[in-house]
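**Student:** I have a structure here, written as structure tokens, and I will follow up with some questions on it.
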Amino acid sequence: MKMPDQLIVWGNPLINGAWISIILVTLGIVFVLTKYKKWRWLWDEWLTTVDHKKIGIMYIVSALLMLFRGGVDALLMRIQLALPNLEFLDAQHYNEIFTTHGTVMIIFMAMPFLIGLMNVAVPLQIGARDVAFPTLNAISFWLFFAGALLFNLSFVIGGSPDAGWTNYVPLAGEELTPGIGINYYLWGLQISGIGTLATGINFLVTILKMRAPGMTLMRMPMFTWSTLITSVIIVFAFPVLTVALALLTFDRLLGAHFFTIDGGGMPMMWANLFWIWGHPEVYIVILPAFGIFSEVISTFARKRLFGYSAMVVSIVAISALSFLVWVHHFFTMGNGPWINSVFSITTMAIAIPTGVKVFNWLFTMYKGRIEFTTPMLWSLAFIPNFIIGGVTGVMLASAPADYQYHNSYFLISHFHYVLIGGTVFGCLAGLYYWWPKMFGFKINERISKWAFWVFVIGFNMTFIPMYLVGLKGMPRRIYTYREGLGWTGLNFIETVGTFVMGAGFVLLVWAIIYSIRHAKRDYESDPWNGRTLEWAIASPPPHYNFARVPRITGQDPLWRAKKKGETIFEEKTPLKPIHMPNHTGIPAVMAGFWFVAGFGFVFEWIPVGLAGILGVLLCMMWRSLTDYHDHHEVPVTELRDAAAEEIKNAGGRSARGVVNDG
């Protein structure tokens, strides 16, 4: 058994503050649930739900919390680097914070946010009543939650990982980093990654097998297309991460030597395995954002998406190329010129289908009747900011130039222009766009637009100077620097910009809170005058989604129906009872056992870890023996009002503000 020098981390003011926050928030939640007698409601409606829409909401709420956690890490790093020779953080604490910042933002914020939006929108967009495997969907969420909770616990119990979000060996090996922090990284990502792989399988089957009659692949909304391709990438990429994490776990836990030179292993193999997963991972978190922008721009330009077929082809091309570019991360690690040339070409080539998409969005808006709603503003801001990231990515793709850029803040800025300007902007556009569908009311537009402008200004204040200071030679992964290098002014501007971004996030949260308290609950099914099926049913939708399964005759089926004054539902078709899955506590309980197993193996308490694994196996056995009564029937009497509402929403009225749809 392994016991760290300090099991309960205490003494540092920041960590003391984290403990106080954890205790106060926990007590506050317990107090509110007890006072208002909501424990039963919490269990019945949320903790045991298999409704894809509620699971999506839980993903999004968790991701927003992780955005706050990762954002605080960023503020702490920028304070440390604002001026030369500061001692706000020591070297060890800084290493821990930049490791957790990257890991939290990519694994525990960006992916779950997008998966949450997929859960909310995709089954509705294809006319399905649920995902293919509802219980597996709930297990996916709770595994993500257990992995995120385990990883974040490292900050206050045992110590955080400190080898960077890429966790390169030999630095992450037992010899150079003997504590338990790296174990938190390995098990937190492993548990969460199993859930993500299950999600990819689930949505792949859902989209391929559960589309409404008439919805061919080439009639699917672009967000559904991007989800389909993302699911394919997940299925092929995440097993590589699973294997890499398992091998490094064997090295640390069992004394194996997969990545240690003196034992016959190869440290470079970790980097290869990591980036064979890691670069497709970049597209796992950007392609769904592309789908969101396609939906939002088409809706608020009041036009059909320009070049639909070209958009589909470009997504497929990006997904294929995403597996052929990982070696550009090793241009500075001693590859030969032939290898560098090949991967320079494949990296540059991926800009072509991405450029196709940008031009298609611009042509969609051309001669459109653009409405500048908050989701549209986030989509419009994405285009110039993402282009900056994309152009600098092509610069980095040149192997000779990469020797200058690679280990500098130039690369850091490029990475953030792509992932914030692309993924985060996409997440926020999707949040605003589908919020009325989730909750029946809009987020306040006035406060939201203030949040948008403050955040975007702060974003560019932070990362444009990073390009400049990188060209001035400032290396990444340093926690301090001396005076006289010419970096001070730019670093100070970056720190101010980070706080401006933080103010934008605070305004966004205030807009949500204000809207929850004061927004008009009109529960309008189609507040944006949408084009796709999710806007044809009530807001929020019933748990079975559609009383009658719609029939599809072309792209943008709701838009076509509204233009023609028709309906996508067959009124004369008699209603039939609907079989829906029952709620179950097995997913949450199973994830709890996974947490116990992970916690035990982190500390190398083998009996505790094995007990957790045994609990997981018992949950699987229980599920197998009781699945014969895992569903219920929605009677026709409950469906009549919903069916009438669907007919009213999806037919018999003309689209508002229709422009030339050619």
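Residues are referred to by chain and number: the chain letter is A, B, ... according to the order shown in the structure tokens, the number counts from 1 in that chain, and ligands are numbered separately from 1 in the order shown.
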Identify all residues of stretch 375-605 of chain A in strand (DSSP E) (DSSP on the backbone) and supply them as a list in words.
**Tutor:**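 Matching residues, listed in order: Ile578, His579, Met580 and Pro581 of chain A.
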**Student:** Need the shell around A:Thr347: protein/DNA/RNA residues with any atom at most 8 Å away, counting only C-alpha atoms. Skip same-chain ones fewer than 3 positions apart. Format as a list in words?
**Tutor:** Leu321, Leu324, Val325, His328, Phe343, Ser344, Ile350, Ala351, Val394 and Ala397 of chain A
**Student:** Using only C-alpha atoms, find the one residue out of A:Val61, A:Leu86, A:Arg369, A:Gly265 that sits nearest to A:Arg482.
**Tutor:**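 Residue with the minimum atom-to-atom distance to A:Arg482: A:Leu86.
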**Student:** Find the spatial neighbours of A:Tyr544, counting only C-alpha atoms, within a cut-off of 8 Å - ignore same-chain residues fewer than 3 positions away - and output them as an mmCIF file with N, CA and C atoms, in the first residue's frame.
**Tutor:**
```cif
data_model
loop_
_atom_site.group_PDB
_atom_site.id
_atom_site.type_symbol
_atom_site.label_atom_id
_atom_site.label_comp_id
_atom_site.auth_asym_id
_atom_site.auth_seq_id
_atom_site.Cartn_x
_atom_site.Cartn_y
_atom_site.Cartn_z
ATOM 1 N N ARG A 129 -37.373 8.453 -30.428
ATOM 2 C CA ARG A 129 -37.953 8.633 -29.099
ATOM 3 C C ARG A 129 -36.901 8.517 -28.001
ATOM 4 N N ASP A 130 -35.749 7.979 -28.305
ATOM 5 C CA ASP A 130 -34.675 7.854 -27.321
ATOM 6 C C ASP A 130 -33.411 7.458 -28.067
ATOM 7 N N PRO A 541 -39.598 18.952 -24.147
ATOM 8 C CA PRO A 541 -40.305 17.826 -24.765
ATOM 9 C C PRO A 541 -40.740 16.805 -23.715
ATOM 10 N N ALA A 547 -45.234 11.933 -29.961
ATOM 11 C CA ALA A 547 -46.413 11.082 -29.828
ATOM 12 C C ALA A 547 -46.620 10.269 -31.100
ATOM 13 N N ILE A 578 -46.635 3.580 -26.375
ATOM 14 C CA ILE A 578 -45.191 3.687 -26.606
ATOM 15 C C ILE A 578 -44.452 2.974 -25.479
ATOM 16 N N MET A 580 -41.258 2.677 -23.296
ATOM 17 C CA MET A 580 -40.136 3.517 -22.886
ATOM 18 C C MET A 580 -39.390 2.856 -21.732
#
```
**Student:** Among stretch 38-280 of chain A, which ones does DSSP assign to alpha helix (DSSP H) (computed from the backbone)? Answer as a PyMOL selection string.
**Tutor:** chain A and resi 39-42+52-81+91-103+111-125+134-153+181-209+222-254+267-280
**Student:** For stretch 330-366 of chain A versus stretch 398-405 of chain A, which residues have an atom no more than 12 Å away, and what is each residue's nearest atom pair and distance in Å rounded to one decimal, using only C-alpha atoms, chain-then-number order, as a tab-separated table?
**Tutor:**
```
residue	atom	partner	partner_atom	distance
A:Phe330	CA	A:Ala399	CA	9.4
A:Phe331	CA	A:Ala399	CA	5.8
A:Thr332	CA	A:Tyr403	CA	5.9
A:Met333	CA	A:Tyr403	CA	9.7
A:Gly334	CA	A:Tyr403	CA	10.9
A:Asn335	CA	A:Ala399	CA	10.1
A:Gly336	CA	A:Ala399	CA	10.6
A:Pro337	CA	A:Ala399	CA	8.7
A:Trp338	CA	A:Ala399	CA	10.8
A:Ile339	CA	A:Ala399	CA	10.0
A:Asn340	CA	A:Ala399	CA	6.2
A:Ser341	CA	A:Ala399	CA	7.3
A:Val342	CA	A:Ala399	CA	10.1
A:Phe343	CA	A:Ala399	CA	8.7
A:Ser344	CA	A:Ser398	CA	5.7
A:Ile345	CA	A:Ser398	CA	8.5
A:Thr346	CA	A:Ser398	CA	10.8
A:Thr347	CA	A:Ser398	CA	8.8
A:Met348	CA	A:Ser398	CA	8.3
A:Ala349	CA	A:Ser398	CA	11.8
```
**Student:** List as a PyMOL selection string the protein and nucleic acid residues near A:Ala597, meaning an atom at most 10 Å away when only C-alpha atoms are counted, but skip any in the same chain fewer than 6 places from it.
**Tutor:** chain A and resi 187+191+591+605-616
**Student:** Residues near A:Pro465, anyone? I mean within 10 Å using only C-alpha atoms, not counting same-chain ones fewer than 4 positions away, as a tab-separated table (two decimals) with N, CA and C atoms, in the first residue's frame.
**Tutor:**
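Listing of around-v2.tsv after writing:
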```tsv
chain	number	residue	atom	x	y	z
A	409	TYR	N	5.23	30.25	-26.77
A	409	TYR	CA	3.85	30.65	-26.53
A	409	TYR	C	3.08	30.88	-27.83
A	410	PHE	N	3.76	30.91	-28.96
A	410	PHE	CA	3.06	30.97	-30.25
A	410	PHE	C	2.15	29.76	-30.39
A	413	SER	N	-0.93	29.98	-28.08
A	413	SER	CA	-1.97	30.85	-28.60
A	413	SER	C	-2.75	30.18	-29.73
A	460	ASN	N	-9.32	37.94	-27.02
A	460	ASN	CA	-8.29	38.46	-27.93
A	460	ASN	C	-7.21	39.24	-27.19
A	461	MET	N	-7.58	39.92	-26.11
A	461	MET	CA	-6.57	40.57	-25.28
A	461	MET	C	-5.60	39.55	-24.69
A	469	VAL	N	4.60	37.39	-27.94
A	469	VAL	CA	5.61	37.03	-26.95
A	469	VAL	C	6.26	35.68	-27.31
A	470	GLY	N	5.51	34.81	-28.00
A	470	GLY	CA	6.10	33.57	-28.49
A	470	GLY	C	7.15	33.84	-29.55
A	471	LEU	N	6.85	34.78	-30.46
A	471	LEU	CA	7.84	35.14	-31.48
A	471	LEU	C	9.05	35.83	-30.87
A	487	TRP	N	9.36	40.67	-22.36
A	487	TRP	CA	8.11	39.91	-22.28
A	487	TRP	C	7.10	40.53	-21.31
A	489	GLY	N	5.49	43.51	-20.68
A	489	GLY	CA	4.28	44.23	-21.08
A	489	GLY	C	3.23	43.33	-21.70
A	490	LEU	N	3.66	42.43	-22.58
A	490	LEU	CA	2.72	41.52	-23.23
A	490	LEU	C	2.10	40.56	-22.22
A	491	ASN	N	2.90	40.05	-21.29
A	491	ASN	CA	2.37	39.14	-20.28
A	491	ASN	C	1.35	39.84	-19.39
A	492	PHE	N	1.61	41.09	-19.07
A	492	PHE	CA	0.66	41.82	-18.23
A	492	PHE	C	-0.67	42.02	-18.96
A	493	ILE	N	-0.61	42.34	-20.26
A	493	ILE	CA	-1.84	42.49	-21.05
A	493	ILE	C	-2.60	41.17	-21.09
A	494	GLU	N	-1.87	40.07	-21.26
A	494	GLU	CA	-2.51	38.75	-21.27
A	494	GLU	C	-3.26	38.49	-19.96
A	497	GLY	N	-6.37	40.50	-19.83
A	497	GLY	CA	-7.35	39.89	-20.73
A	497	GLY	C	-8.01	38.67	-20.13
```
**Student:** Determine, counting only C-alpha atoms, which protein, DNA and RNA residues have an atom within 12 Å of an atom of A:Gly193; residues of the same chain fewer than 6 positions away are not included. Present the result as a PDB file with N, CA, C and O atoms, in the first residue's frame.
**Tutor:**
```pdb
ATOM      1  N   ILE A 107     -10.799  17.226 -21.404  1.00  0.00           N
ATOM      2  CA  ILE A 107     -11.453  15.947 -21.115  1.00  0.00           C
ATOM      3  C   ILE A 107     -12.752  16.137 -20.343  1.00  0.00           C
ATOM      4  O   ILE A 107     -13.753  15.450 -20.609  1.00  0.00           O
ATOM      5  N   PHE A 108     -12.787  17.063 -19.405  1.00  0.00           N
ATOM      6  CA  PHE A 108     -13.916  17.169 -18.489  1.00  0.00           C
ATOM      7  C   PHE A 108     -14.785  18.403 -18.723  1.00  0.00           C
ATOM      8  O   PHE A 108     -15.767  18.600 -18.017  1.00  0.00           O
ATOM      9  N   MET A 111     -15.482  18.029 -24.043  1.00  0.00           N
ATOM     10  CA  MET A 111     -16.187  16.816 -24.495  1.00  0.00           C
ATOM     11  C   MET A 111     -17.548  16.645 -23.837  1.00  0.00           C
ATOM     12  O   MET A 111     -18.550  16.420 -24.526  1.00  0.00           O
ATOM     13  N   PRO A 112     -17.668  16.725 -22.501  1.00  0.00           N
ATOM     14  CA  PRO A 112     -19.003  16.549 -21.918  1.00  0.00           C
ATOM     15  C   PRO A 112     -19.993  17.634 -22.310  1.00  0.00           C
ATOM     16  O   PRO A 112     -21.190  17.366 -22.424  1.00  0.00           O
ATOM     17  N   ILE A 139     -25.082   5.245 -17.939  1.00  0.00           N
ATOM     18  CA  ILE A 139     -23.790   4.759 -17.448  1.00  0.00           C
ATOM     19  C   ILE A 139     -22.658   5.635 -17.982  1.00  0.00           C
ATOM     20  O   ILE A 139     -21.711   5.974 -17.253  1.00  0.00           O
ATOM     21  N   SER A 140     -22.740   6.031 -19.235  1.00  0.00           N
ATOM     22  CA  SER A 140     -21.707   6.898 -19.825  1.00  0.00           C
ATOM     23  C   SER A 140     -21.578   8.189 -19.034  1.00  0.00           C
ATOM     24  O   SER A 140     -20.463   8.639 -18.718  1.00  0.00           O
ATOM     25  N   PHE A 141     -22.716   8.812 -18.716  1.00  0.00           N
ATOM     26  CA  PHE A 141     -22.637  10.058 -17.945  1.00  0.00           C
ATOM     27  C   PHE A 141     -22.020   9.832 -16.585  1.00  0.00           C
ATOM     28  O   PHE A 141     -21.123  10.569 -16.154  1.00  0.00           O
ATOM     29  N   TRP A 142     -22.482   8.818 -15.877  1.00  0.00           N
ATOM     30  CA  TRP A 142     -22.006   8.628 -14.509  1.00  0.00           C
ATOM     31  C   TRP A 142     -20.550   8.187 -14.472  1.00  0.00           C
ATOM     32  O   TRP A 142     -19.825   8.504 -13.513  1.00  0.00           O
ATOM     33  N   LEU A 143     -20.061   7.495 -15.512  1.00  0.00           N
ATOM     34  CA  LEU A 143     -18.633   7.190 -15.577  1.00  0.00           C
ATOM     35  C   LEU A 143     -17.829   8.462 -15.804  1.00  0.00           C
ATOM     36  O   LEU A 143     -16.760   8.653 -15.196  1.00  0.00           O
ATOM     37  N   PHE A 144     -18.312   9.330 -16.697  1.00  0.00           N
ATOM     38  CA  PHE A 144     -17.644  10.632 -16.849  1.00  0.00           C
ATOM     39  C   PHE A 144     -17.613  11.373 -15.521  1.00  0.00           C
ATOM     40  O   PHE A 144     -16.572  11.912 -15.108  1.00  0.00           O
ATOM     41  N   PHE A 145     -18.746  11.409 -14.824  1.00  0.00           N
ATOM     42  CA  PHE A 145     -18.831  12.150 -13.574  1.00  0.00           C
ATOM     43  C   PHE A 145     -17.890  11.558 -12.529  1.00  0.00           C
ATOM     44  O   PHE A 145     -17.195  12.290 -11.805  1.00  0.00           O
ATOM     45  N   ALA A 146     -17.838  10.228 -12.441  1.00  0.00           N
ATOM     46  CA  ALA A 146     -16.945   9.576 -11.473  1.00  0.00           C
ATOM     47  C   ALA A 146     -15.487   9.869 -11.793  1.00  0.00           C
ATOM     48  O   ALA A 146     -14.682  10.148 -10.887  1.00  0.00           O
ATOM     49  N   GLY A 147     -15.116   9.815 -13.075  1.00  0.00           N
ATOM     50  CA  GLY A 147     -13.741  10.119 -13.464  1.00  0.00           C
ATOM     51  C   GLY A 147     -13.372  11.557 -13.172  1.00  0.00           C
ATOM     52  O   GLY A 147     -12.267  11.846 -12.683  1.00  0.00           O
ATOM     53  N   ALA A 148     -14.294  12.492 -13.467  1.00  0.00           N
ATOM     54  CA  ALA A 148     -14.036  13.901 -13.198  1.00  0.00           C
ATOM     55  C   ALA A 148     -13.911  14.162 -11.701  1.00  0.00           C
ATOM     56  O   ALA A 148     -13.035  14.911 -11.252  1.00  0.00           O
ATOM     57  N   TYR A 185      -4.401  10.959 -12.589  1.00  0.00           N
ATOM     58  CA  TYR A 185      -4.550  11.225 -14.023  1.00  0.00           C
ATOM     59  C   TYR A 185      -4.943   9.946 -14.760  1.00  0.00           C
ATOM     60  O   TYR A 185      -5.892   9.934 -15.554  1.00  0.00           O
ATOM     61  N   LEU A 186      -4.200   8.865 -14.494  1.00  0.00           N
ATOM     62  CA  LEU A 186      -4.428   7.620 -15.225  1.00  0.00           C
ATOM     63  C   LEU A 186      -5.821   7.069 -14.978  1.00  0.00           C
ATOM     64  O   LEU A 186      -6.529   6.667 -15.920  1.00  0.00           O
ATOM     65  N   TRP A 187      -6.258   7.041 -13.717  1.00  0.00           N
ATOM     66  CA  TRP A 187      -7.546   6.426 -13.416  1.00  0.00           C
ATOM     67  C   TRP A 187      -8.726   7.359 -13.703  1.00  0.00           C
ATOM     68  O   TRP A 187      -9.790   6.904 -14.134  1.00  0.00           O
ATOM     69  N   THR A 199     -20.451   6.185 -25.230  1.00  0.00           N
ATOM     70  CA  THR A 199     -21.259   7.229 -25.874  1.00  0.00           C
ATOM     71  C   THR A 199     -21.102   7.185 -27.385  1.00  0.00           C
ATOM     72  O   THR A 199     -22.078   7.310 -28.137  1.00  0.00           O
ATOM     73  N   GLY A 200     -19.858   7.039 -27.855  1.00  0.00           N
ATOM     74  CA  GLY A 200     -19.631   6.967 -29.300  1.00  0.00           C
ATOM     75  C   GLY A 200     -20.380   5.812 -29.940  1.00  0.00           C
ATOM     76  O   GLY A 200     -21.015   5.965 -30.990  1.00  0.00           O
ATOM     77  N   ILE A 234     -14.494   8.639 -32.196  1.00  0.00           N
ATOM     78  CA  ILE A 234     -14.405   8.157 -30.812  1.00  0.00           C
ATOM     79  C   ILE A 234     -14.162   6.652 -30.790  1.00  0.00           C
ATOM     80  O   ILE A 234     -13.305   6.147 -30.052  1.00  0.00           O
ATOM     81  N   VAL A 235     -14.908   5.928 -31.597  1.00  0.00           N
ATOM     82  CA  VAL A 235     -14.813   4.466 -31.587  1.00  0.00           C
ATOM     83  C   VAL A 235     -13.415   3.998 -32.009  1.00  0.00           C
ATOM     84  O   VAL A 235     -12.897   3.009 -31.483  1.00  0.00           O
ATOM     85  N   ALA A 237     -10.529   6.068 -31.922  1.00  0.00           N
ATOM     86  CA  ALA A 237      -9.439   6.756 -31.216  1.00  0.00           C
ATOM     87  C   ALA A 237      -9.353   6.383 -29.745  1.00  0.00           C
ATOM     88  O   ALA A 237      -8.251   6.211 -29.206  1.00  0.00           O
ATOM     89  N   PHE A 238     -10.486   6.272 -29.063  1.00  0.00           N
ATOM     90  CA  PHE A 238     -10.435   6.105 -27.619  1.00  0.00           C
ATOM     91  C   PHE A 238      -9.850   4.771 -27.157  1.00  0.00           C
ATOM     92  O   PHE A 238      -9.236   4.714 -26.089  1.00  0.00           O
ATOM     93  N   PRO A 239     -10.007   3.674 -27.905  1.00  0.00           N
ATOM     94  CA  PRO A 239      -9.290   2.459 -27.476  1.00  0.00           C
ATOM     95  C   PRO A 239      -7.781   2.643 -27.398  1.00  0.00           C
ATOM     96  O   PRO A 239      -7.118   2.009 -26.564  1.00  0.00           O
ATOM     97  N   VAL A 240      -7.224   3.518 -28.236  1.00  0.00           N
ATOM     98  CA  VAL A 240      -5.783   3.775 -28.178  1.00  0.00           C
ATOM     99  C   VAL A 240      -5.428   4.433 -26.848  1.00  0.00           C
ATOM    100  O   VAL A 240      -4.441   4.058 -26.190  1.00  0.00           O
ATOM    101  N   LEU A 241      -6.211   5.410 -26.426  1.00  0.00           N
ATOM    102  CA  LEU A 241      -5.971   6.042 -25.127  1.00  0.00           C
ATOM    103  C   LEU A 241      -6.133   5.034 -24.001  1.00  0.00           C
ATOM    104  O   LEU A 241      -5.333   5.023 -23.045  1.00  0.00           O
ATOM    105  N   THR A 242      -7.148   4.196 -24.101  1.00  0.00           N
ATOM    106  CA  THR A 242      -7.374   3.182 -23.069  1.00  0.00           C
ATOM    107  C   THR A 242      -6.151   2.278 -22.916  1.00  0.00           C
ATOM    108  O   THR A 242      -5.701   1.989 -21.797  1.00  0.00           O
ATOM    109  N   VAL A 243      -5.588   1.841 -24.033  1.00  0.00           N
ATOM    110  CA  VAL A 243      -4.406   0.976 -23.988  1.00  0.00           C
ATOM    111  C   VAL A 243      -3.211   1.725 -23.403  1.00  0.00           C
ATOM    112  O   VAL A 243      -2.482   1.200 -22.551  1.00  0.00           O
ATOM    113  N   ALA A 244      -3.000   2.971 -23.840  1.00  0.00           N
ATOM    114  CA  ALA A 244      -1.861   3.743 -23.347  1.00  0.00           C
ATOM    115  C   ALA A 244      -1.951   3.955 -21.838  1.00  0.00           C
ATOM    116  O   ALA A 244      -0.961   3.787 -21.109  1.00  0.00           O
ATOM    117  N   LEU A 245      -3.131   4.332 -21.349  1.00  0.00           N
ATOM    118  CA  LEU A 245      -3.306   4.529 -19.914  1.00  0.00           C
ATOM    119  C   LEU A 245      -3.089   3.225 -19.150  1.00  0.00           C
ATOM    120  O   LEU A 245      -2.491   3.219 -18.064  1.00  0.00           O
ATOM    121  N   ALA A 246      -3.577   2.114 -19.704  1.00  0.00           N
ATOM    122  CA  ALA A 246      -3.407   0.818 -19.036  1.00  0.00           C
ATOM    123  C   ALA A 246      -1.932   0.436 -18.957  1.00  0.00           C
ATOM    124  O   ALA A 246      -1.452  -0.036 -17.918  1.00  0.00           O
ATOM    125  N   TRP A 277      -4.293   9.146 -30.340  1.00  0.00           N
ATOM    126  CA  TRP A 277      -5.601   9.520 -29.798  1.00  0.00           C
ATOM    127  C   TRP A 277      -5.783  11.030 -29.785  1.00  0.00           C
ATOM    128  O   TRP A 277      -6.849  11.542 -30.141  1.00  0.00           O
ATOM    129  N   GLU A 281      -8.713  13.571 -31.109  1.00  0.00           N
ATOM    130  CA  GLU A 281      -9.474  14.181 -30.021  1.00  0.00           C
ATOM    131  C   GLU A 281      -9.761  15.656 -30.292  1.00  0.00           C
ATOM    132  O   GLU A 281     -10.838  16.170 -29.960  1.00  0.00           O
TER     133      GLU A 281
END
```
**Student:** Go through A:Arg477, A:Lys449, A:Lys437, A:His52 one by one, measure the shortest atom-to-atom distance of each to A:Leu81 using only C-alpha atoms, and give the residue with the smallest value.
**Tutor:**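 Smallest distance to A:Leu81 is found for A:Arg477.
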**Student:** Which residue gives the smallest distance to A:Phe293 among A:Tyr184, A:Phe258, A:Phe250, A:Tyr432, with only C-alpha atoms counted?
**Tutor:** A:Tyr432
